[in-house]
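Enquirer: Dumping the structure here so I can ask a few things about it.
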Amino acid sequence: MPTDTLPNPEKSPERSSGELIRLEQVTKRFGDNTVLDHLDFSVDAGKHVTLIGPSGSGKTTILRLLMTLLKPDEGTITVDGQKLFPATEKERREARKQIGMVFQQFNLFPNMSVLRNITEAPVTVLGLSKDEAVERAEGLLDMVGLADKCDARPAQLSGGQQQRVAIARALAMRPKVLLLDEVTSALDPELVAGVLDLLRDIARTTDITMLCVTHEMNFARDISDQVLMFDSGRVIEAGAPEKIFSEPEHDRTREFLSAVL
């Protein structure tokens, strides 16, 4: 089912085919620490790619670069043919409209209702009318099982409910790319399954390209078209999930998986 079948569909431009995200020779340093080391990789449109590896291996840094929350020290980043880096701020703003992100800590606006959390960006960034944005938001809240929480504030919701709102907020922008950064790591264990099931549904029923950082290996196995194993800022192994999880070739991959599975 294409993305246009999400609640309150709005006909979007024709989807790209082939490569959607490309990083070329991307390097990112924090002081003397090189977090990404001349990294090359790409993601095709509609694919679900999961980044695994030890903490500090550069996975979340990639997502933050794609959201333009960080700038690379070297290299180029392109999304749907539009440059994120190097680029002017105007070019970055246009490219960033194609990208939604769900963070570990939800990052909802505490002073806004659930409904306004979801409608704010479509109105201010995309230029939707308030009525259009509300219609879209209500459909998404129904999809994530929170249709009765429109007027609630984030503090009145459980962690799992807040993360569902955060997912709805990201989808309200109708992004081509959805970035997922350890979206269950801040949740109580009993809330994890519900959020992962929602994301499985999104992966199964839309054509959104997904780039996911997670330590939930069963989830990665379920949704991924490709899994990339990171270590020291580089991809050391890549392949289909059944290969990476069942027959990894690299010693470091085997060591990591034996520790987390």
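Simple scheme: letters A, B, ... for chains in structure tokens order, numbers from 1 for residues in each chain, numbers from 1 for ligands in the order shown.
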Do you know which residues are at most 7 Å from A:Ala166 counting only C-alpha atoms, after dropping those on the same chain fewer than 4 positions away, and could you put them as a list in words?
Expert: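 Skipping anything fewer than 4 positions along the chain leaves Val102, Phe106, Leu108, Gln162 and Ala170 of chain A.
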Enquirer: Write to file, as a PDB file, in the first residue's frame, the residues of the selection just made, with N, CA, C and O atoms.
Expert:
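And here's again23.pdb as it stands now:
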```pdb
ATOM      1  N   VAL A 102      11.834  10.152  14.461  1.00  0.00           N
ATOM      2  CA  VAL A 102      11.270   9.817  15.765  1.00  0.00           C
ATOM      3  C   VAL A 102      12.455   9.581  16.699  1.00  0.00           C
ATOM      4  O   VAL A 102      13.307   8.731  16.435  1.00  0.00           O
ATOM      5  N   PHE A 106      11.167  11.206  22.641  1.00  0.00           N
ATOM      6  CA  PHE A 106       9.871  11.717  22.177  1.00  0.00           C
ATOM      7  C   PHE A 106       9.960  13.151  21.642  1.00  0.00           C
ATOM      8  O   PHE A 106       9.447  13.458  20.578  1.00  0.00           O
ATOM      9  N   LEU A 108       8.397  15.867  22.344  1.00  0.00           N
ATOM     10  CA  LEU A 108       7.141  16.576  22.120  1.00  0.00           C
ATOM     11  C   LEU A 108       7.194  17.945  22.801  1.00  0.00           C
ATOM     12  O   LEU A 108       7.939  18.152  23.762  1.00  0.00           O
ATOM     13  N   GLN A 162       3.181   8.708  24.331  1.00  0.00           N
ATOM     14  CA  GLN A 162       3.962   9.834  23.819  1.00  0.00           C
ATOM     15  C   GLN A 162       4.741   9.444  22.565  1.00  0.00           C
ATOM     16  O   GLN A 162       4.819  10.213  21.606  1.00  0.00           O
ATOM     17  N   ALA A 170       5.675  12.727  13.056  1.00  0.00           N
ATOM     18  CA  ALA A 170       6.610  12.553  11.939  1.00  0.00           C
ATOM     19  C   ALA A 170       5.858  12.223  10.650  1.00  0.00           C
ATOM     20  O   ALA A 170       6.180  12.754   9.572  1.00  0.00           O
TER      21      ALA A 170
END
```
Enquirer: Give the strand (DSSP E or B) residues of stretch 35-218 of chain A, as DSSP finds them on the backbone, and put them as a PyMOL selection string.
Expert: chain A and resi 35-44+48-52+74-79+82-85+99-102+177-181+209-213
Enquirer: Could you list, as a ChimeraX atom specification, every residue within 12 Å of A:Ala172, counting only C-alpha atoms and ignoring same-chain residues fewer than 6 positions away?
Expert: /A:3-4,6-10,97-101,115-123,125-126,128,132-141,143,165-166,178
Enquirer: Any chance you can output those residues with N, CA and C atoms as an mmCIF file, in the first residue's frame?
Expert:
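What follows is the written file result_32.cif:
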```cif
data_model
loop_
_atom_site.group_PDB
_atom_site.id
_atom_site.type_symbol
_atom_site.label_atom_id
_atom_site.label_comp_id
_atom_site.auth_asym_id
_atom_site.auth_seq_id
_atom_site.Cartn_x
_atom_site.Cartn_y
_atom_site.Cartn_z
ATOM 1 N N THR A 3 2.246 5.245 0.410
ATOM 2 C CA THR A 3 2.126 6.226 1.475
ATOM 3 C C THR A 3 0.866 7.054 1.326
ATOM 4 N N ASP A 4 0.405 7.283 0.092
ATOM 5 C CA ASP A 4 -0.767 8.109 -0.120
ATOM 6 C C ASP A 4 -2.016 7.528 0.514
ATOM 7 N N LEU A 6 -2.128 6.606 3.656
ATOM 8 C CA LEU A 6 -2.174 6.984 5.054
ATOM 9 C C LEU A 6 -3.423 7.830 5.288
ATOM 10 N N PRO A 7 -3.871 7.971 6.550
ATOM 11 C CA PRO A 7 -5.099 8.701 6.802
ATOM 12 C C PRO A 7 -5.117 10.075 6.146
ATOM 13 N N ASN A 8 -6.283 10.448 5.628
ATOM 14 C CA ASN A 8 -6.468 11.726 4.964
ATOM 15 C C ASN A 8 -5.451 11.932 3.865
ATOM 16 N N PRO A 9 -5.465 11.081 2.849
ATOM 17 C CA PRO A 9 -4.420 11.127 1.837
ATOM 18 C C PRO A 9 -4.418 12.436 1.069
ATOM 19 N N GLU A 10 -3.225 12.853 0.756
ATOM 20 C CA GLU A 10 -3.031 14.008 -0.102
ATOM 21 C C GLU A 10 -2.121 13.534 -1.218
ATOM 22 N N LYS A 97 12.404 18.743 4.253
ATOM 23 C CA LYS A 97 10.962 18.490 4.227
ATOM 24 C C LYS A 97 10.649 17.039 3.867
ATOM 25 N N GLN A 98 11.612 16.364 3.243
ATOM 26 C CA GLN A 98 11.400 14.979 2.833
ATOM 27 C C GLN A 98 11.630 13.986 3.972
ATOM 28 N N ILE A 99 12.083 14.495 5.145
ATOM 29 C CA ILE A 99 12.583 13.614 6.200
ATOM 30 C C ILE A 99 11.809 13.830 7.495
ATOM 31 N N GLY A 100 11.379 12.723 8.114
ATOM 32 C CA GLY A 100 10.793 12.767 9.446
ATOM 33 C C GLY A 100 11.639 11.928 10.389
ATOM 34 N N MET A 101 11.656 12.320 11.660
ATOM 35 C CA MET A 101 12.469 11.578 12.625
ATOM 36 C C MET A 101 11.689 11.356 13.910
ATOM 37 N N LEU A 115 -2.848 17.319 19.691
ATOM 38 C CA LEU A 115 -3.250 17.715 18.344
ATOM 39 C C LEU A 115 -2.323 18.786 17.783
ATOM 40 N N ARG A 116 -2.011 19.782 18.580
ATOM 41 C CA ARG A 116 -1.154 20.856 18.069
ATOM 42 C C ARG A 116 0.278 20.379 17.858
ATOM 43 N N ASN A 117 0.743 19.446 18.681
ATOM 44 C CA ASN A 117 2.062 18.863 18.432
ATOM 45 C C ASN A 117 2.154 18.307 17.020
ATOM 46 N N ILE A 118 1.058 17.741 16.542
ATOM 47 C CA ILE A 118 1.066 17.103 15.219
ATOM 48 C C ILE A 118 0.798 18.105 14.100
ATOM 49 N N THR A 119 -0.007 19.135 14.366
ATOM 50 C CA THR A 119 -0.378 20.081 13.296
ATOM 51 C C THR A 119 0.611 21.213 13.113
ATOM 52 N N GLU A 120 1.450 21.468 14.099
ATOM 53 C CA GLU A 120 2.302 22.663 14.056
ATOM 54 C C GLU A 120 3.200 22.699 12.827
ATOM 55 N N ALA A 121 3.942 21.628 12.573
ATOM 56 C CA ALA A 121 4.877 21.633 11.445
ATOM 57 C C ALA A 121 4.169 21.627 10.087
ATOM 58 N N PRO A 122 3.127 20.830 9.878
ATOM 59 C CA PRO A 122 2.443 20.905 8.582
ATOM 60 C C PRO A 122 1.923 22.303 8.255
ATOM 61 N N VAL A 123 1.486 23.042 9.285
ATOM 62 C CA VAL A 123 0.995 24.401 9.040
ATOM 63 C C VAL A 123 2.153 25.362 8.777
ATOM 64 N N VAL A 125 5.514 24.730 8.231
ATOM 65 C CA VAL A 125 6.561 24.346 7.277
ATOM 66 C C VAL A 125 5.985 24.038 5.901
ATOM 67 N N LEU A 126 4.884 23.285 5.863
ATOM 68 C CA LEU A 126 4.301 22.880 4.583
ATOM 69 C C LEU A 126 3.249 23.857 4.065
ATOM 70 N N LEU A 128 0.068 24.027 5.090
ATOM 71 C CA LEU A 128 -1.291 23.504 5.104
ATOM 72 C C LEU A 128 -2.213 24.458 5.863
ATOM 73 N N GLU A 132 -6.928 21.511 7.175
ATOM 74 C CA GLU A 132 -6.263 20.364 6.529
ATOM 75 C C GLU A 132 -5.356 19.652 7.516
ATOM 76 N N ALA A 133 -4.595 20.442 8.275
ATOM 77 C CA ALA A 133 -3.652 19.855 9.224
ATOM 78 C C ALA A 133 -4.388 19.086 10.321
ATOM 79 N N VAL A 134 -5.490 19.631 10.799
ATOM 80 C CA VAL A 134 -6.268 18.955 11.838
ATOM 81 C C VAL A 134 -6.857 17.656 11.305
ATOM 82 N N GLU A 135 -7.380 17.694 10.091
ATOM 83 C CA GLU A 135 -7.939 16.473 9.505
ATOM 84 C C GLU A 135 -6.877 15.396 9.383
ATOM 85 N N ARG A 136 -5.703 15.795 8.921
ATOM 86 C CA ARG A 136 -4.598 14.836 8.790
ATOM 87 C C ARG A 136 -4.200 14.288 10.150
ATOM 88 N N ALA A 137 -4.080 15.177 11.145
ATOM 89 C CA ALA A 137 -3.653 14.764 12.481
ATOM 90 C C ALA A 137 -4.670 13.827 13.116
ATOM 91 N N GLU A 138 -5.950 14.123 12.971
ATOM 92 C CA GLU A 138 -6.965 13.257 13.570
ATOM 93 C C GLU A 138 -6.939 11.864 12.954
ATOM 94 N N GLY A 139 -6.710 11.791 11.650
ATOM 95 C CA GLY A 139 -6.596 10.489 11.018
ATOM 96 C C GLY A 139 -5.406 9.702 11.524
ATOM 97 N N LEU A 140 -4.298 10.389 11.714
ATOM 98 C CA LEU A 140 -3.094 9.718 12.211
ATOM 99 C C LEU A 140 -3.259 9.283 13.664
ATOM 100 N N LEU A 141 -3.881 10.121 14.481
ATOM 101 C CA LEU A 141 -4.120 9.726 15.865
ATOM 102 C C LEU A 141 -5.023 8.506 15.944
ATOM 103 N N MET A 143 -5.080 6.200 13.663
ATOM 104 C CA MET A 143 -4.232 5.098 13.218
ATOM 105 C C MET A 143 -3.347 4.573 14.345
ATOM 106 N N VAL A 165 2.449 9.410 19.638
ATOM 107 C CA VAL A 165 2.216 10.784 19.158
ATOM 108 C C VAL A 165 3.404 11.255 18.335
ATOM 109 N N ALA A 166 4.611 10.950 18.799
ATOM 110 C CA ALA A 166 5.804 11.356 18.064
ATOM 111 C C ALA A 166 5.847 10.715 16.675
ATOM 112 N N LEU A 178 11.740 8.114 6.850
ATOM 113 C CA LEU A 178 11.449 8.121 8.280
ATOM 114 C C LEU A 178 12.672 7.582 9.011
#
```
Enquirer: Measuring atom to atom with only C-alpha atoms, identify which of A:Gln156, A:Thr27, A:Ser185, A:Ser55 is nearest to A:Ser113.
Expert: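 Using only C-alpha atoms, A:Ser113 sits closest to A:Gln156.
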Enquirer: What does the structure give for the distance between atom CA of A:Lys47 and atom CA of A:Asp225, in Å to one decimal?
Expert: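 Atom-to-atom, atom CA of A:Lys47 and atom CA of A:Asp225 are spaced 6.1 Å apart.
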Enquirer: Apply DSSP to the backbone of this structure and, from stretch 9-228 of chain A, keep only the residues in helix (DSSP H, G or I); write these as a ChimeraX atom specification.
Expert: /A:59-66,89-96,114-124,130-143,147-149,154-156,159-171,189-205,217-223
Enquirer: Excluding same-chain residues fewer than 5 positions from A:Leu65, what lies within 9 Å of it counting only C-alpha atoms, as a PDB file with C-alpha atoms, in the first residue's frame?
Expert:
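The resulting file, around_33.pdb, is reproduced below:
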```pdb
ATOM      1  CA  THR A  60      22.826   7.925  15.606  1.00  0.00           C
ATOM      2  CA  LEU A  70      24.826  18.106  12.849  1.00  0.00           C
ATOM      3  CA  LYS A  71      27.086  19.070   9.963  1.00  0.00           C
ATOM      4  CA  PRO A  72      29.721  16.727   8.498  1.00  0.00           C
ATOM      5  CA  ILE A  77      24.886  13.952   1.725  1.00  0.00           C
ATOM      6  CA  LEU A  84      21.875  18.438   2.356  1.00  0.00           C
TER       7      LEU A  84
END
```
Enquirer: How many Å separate atom CA of A:Phe85 from atom CA of A:Thr206?
Expert: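 Between atom CA of A:Phe85 and atom CA of A:Thr206 the gap works out to 27.8 Å.
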Enquirer: At a cut-off of 10 Å, using only C-alpha atoms, what residues contact A:Leu199? Leave out same-chain residues fewer than 6 positions from it and give the result as a PyMOL selection string.
Expert: chain A and resi 144+164+167+180+183+193+205+219+223
Enquirer: Which residues, written as a CSV table (one decimal) with N, CA, C and O atoms, in the first residue's frame, have at least one atom at most 6 Å from stretch 207-211 of chain A, with only C-alpha atoms counted and residues fewer than 4 positions away on the same chain left out?
Expert:
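What landed in result38.csv:
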```csv
chain,number,residue,atom,x,y,z
A,2,PRO,N,0.7,2.2,-0.9
A,2,PRO,CA,1.5,3.4,-0.9
A,2,PRO,C,1.3,4.3,0.2
A,2,PRO,O,0.3,4.3,0.9
A,3,THR,N,2.2,5.2,0.4
A,3,THR,CA,2.1,6.2,1.5
A,3,THR,C,0.9,7.1,1.3
A,3,THR,O,0.3,7.5,2.3
A,45,ALA,N,14.9,4.0,-2.5
A,45,ALA,CA,13.5,4.4,-2.2
A,45,ALA,C,12.7,3.2,-1.8
A,45,ALA,O,12.7,2.1,-2.4
A,46,GLY,N,11.9,3.3,-0.7
A,46,GLY,CA,11.0,2.3,-0.2
A,46,GLY,C,11.6,1.2,0.6
A,46,GLY,O,10.9,0.3,1.1
A,47,LYS,N,13.0,1.2,0.8
A,47,LYS,CA,13.6,0.2,1.5
A,47,LYS,C,13.7,0.5,3.0
A,47,LYS,O,13.6,1.6,3.4
A,48,HIS,N,13.8,-0.6,3.8
A,48,HIS,CA,13.9,-0.4,5.2
A,48,HIS,C,15.3,-0.9,5.6
A,48,HIS,O,15.6,-2.1,5.5
A,49,VAL,N,16.1,0.0,6.1
A,49,VAL,CA,17.5,-0.3,6.4
A,49,VAL,C,17.8,-0.1,7.9
A,49,VAL,O,17.4,1.0,8.4
A,50,THR,N,18.3,-1.1,8.6
A,50,THR,CA,18.6,-1.0,10.0
A,50,THR,C,20.1,-0.9,10.2
A,50,THR,O,20.9,-1.7,9.7
A,176,LYS,N,9.3,11.3,2.8
A,176,LYS,CA,9.7,10.1,2.0
A,176,LYS,C,10.6,9.2,2.8
A,176,LYS,O,10.7,8.0,2.6
A,177,VAL,N,11.3,9.8,3.8
A,177,VAL,CA,12.2,9.1,4.7
A,177,VAL,C,11.8,9.2,6.1
A,177,VAL,O,11.6,10.3,6.6
A,178,LEU,N,11.7,8.1,6.9
A,178,LEU,CA,11.4,8.1,8.3
A,178,LEU,C,12.7,7.6,9.0
A,178,LEU,O,13.1,6.4,8.8
A,179,LEU,N,13.2,8.4,9.9
A,179,LEU,CA,14.4,8.0,10.7
A,179,LEU,C,13.9,7.6,12.1
A,179,LEU,O,13.2,8.4,12.7
```
Enquirer: What does the distance from atom CA of A:His38 to atom CA of A:Asp80 come to in Å, to one decimal?
Expert: 21.0 Å
Enquirer: Using only C-alpha atoms, determine which residues lie at most 9 Å from A:Pro110, disregarding the query and same-chain residues fewer than 5 positions distant; provide the list as a list in words.
Expert: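 The residues satisfying every condition are Asn117, Arg153, Pro154 and Ala155 of chain A.
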Enquirer: Could you list, with a cut-off of 8 Å and counting only C-alpha atoms, the residues of stretch 34-151 of chain A near stretch 230-247 of chain A, each shown with its nearest atom pair and the distance in Å rounded to one decimal, rows sorted by chain and ascending number, as CSV?
Expert:
```
residue,atom,partner,partner_atom,distance
A:Thr34,CA,A:Gly233,CA,7.3
A:Val35,CA,A:Gly233,CA,5.1
A:Leu36,CA,A:Gly233,CA,4.0
A:Asp37,CA,A:Gly233,CA,5.3
A:His38,CA,A:Arg234,CA,7.8
A:Leu39,CA,A:Arg234,CA,6.0
A:Leu51,CA,A:Phe230,CA,7.0
A:Ile52,CA,A:Phe230,CA,6.1
A:Gly53,CA,A:Phe230,CA,4.9
A:Pro54,CA,A:Asp231,CA,6.9
A:Gly56,CA,A:Ser232,CA,7.5
A:Ser57,CA,A:Ser232,CA,4.8
A:Gly58,CA,A:Gly233,CA,5.1
A:Lys59,CA,A:Phe230,CA,7.1
```
Enquirer: Nearest to A:Arg174: which of A:Ser258, A:Gln226, A:Asp251, A:Arg96 is it, counting only C-alpha atoms?
Expert: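 For A:Arg174, the nearest of the given residues is A:Arg96.
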Enquirer: Tell me which of A:Glu94, A:Asp181, A:Asp44, A:Glu216 sits closest to A:Ile62, counting only C-alpha atoms.
Expert: A:Asp181
Enquirer: When you count only C-alpha atoms, which of these residues is closest to A:Val79: A:Ala147, A:Val26, A:Leu20, A:Leu261?
Expert: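 Under the stated criterion, the closest residue is A:Leu20.
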Enquirer: Find the residue from A:Pro189, A:Val227, A:Gly75, A:Gly127 that sits nearest to A:Met173; use only C-alpha atoms when measuring.
Expert: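 The closest residue to A:Met173 is A:Gly127.
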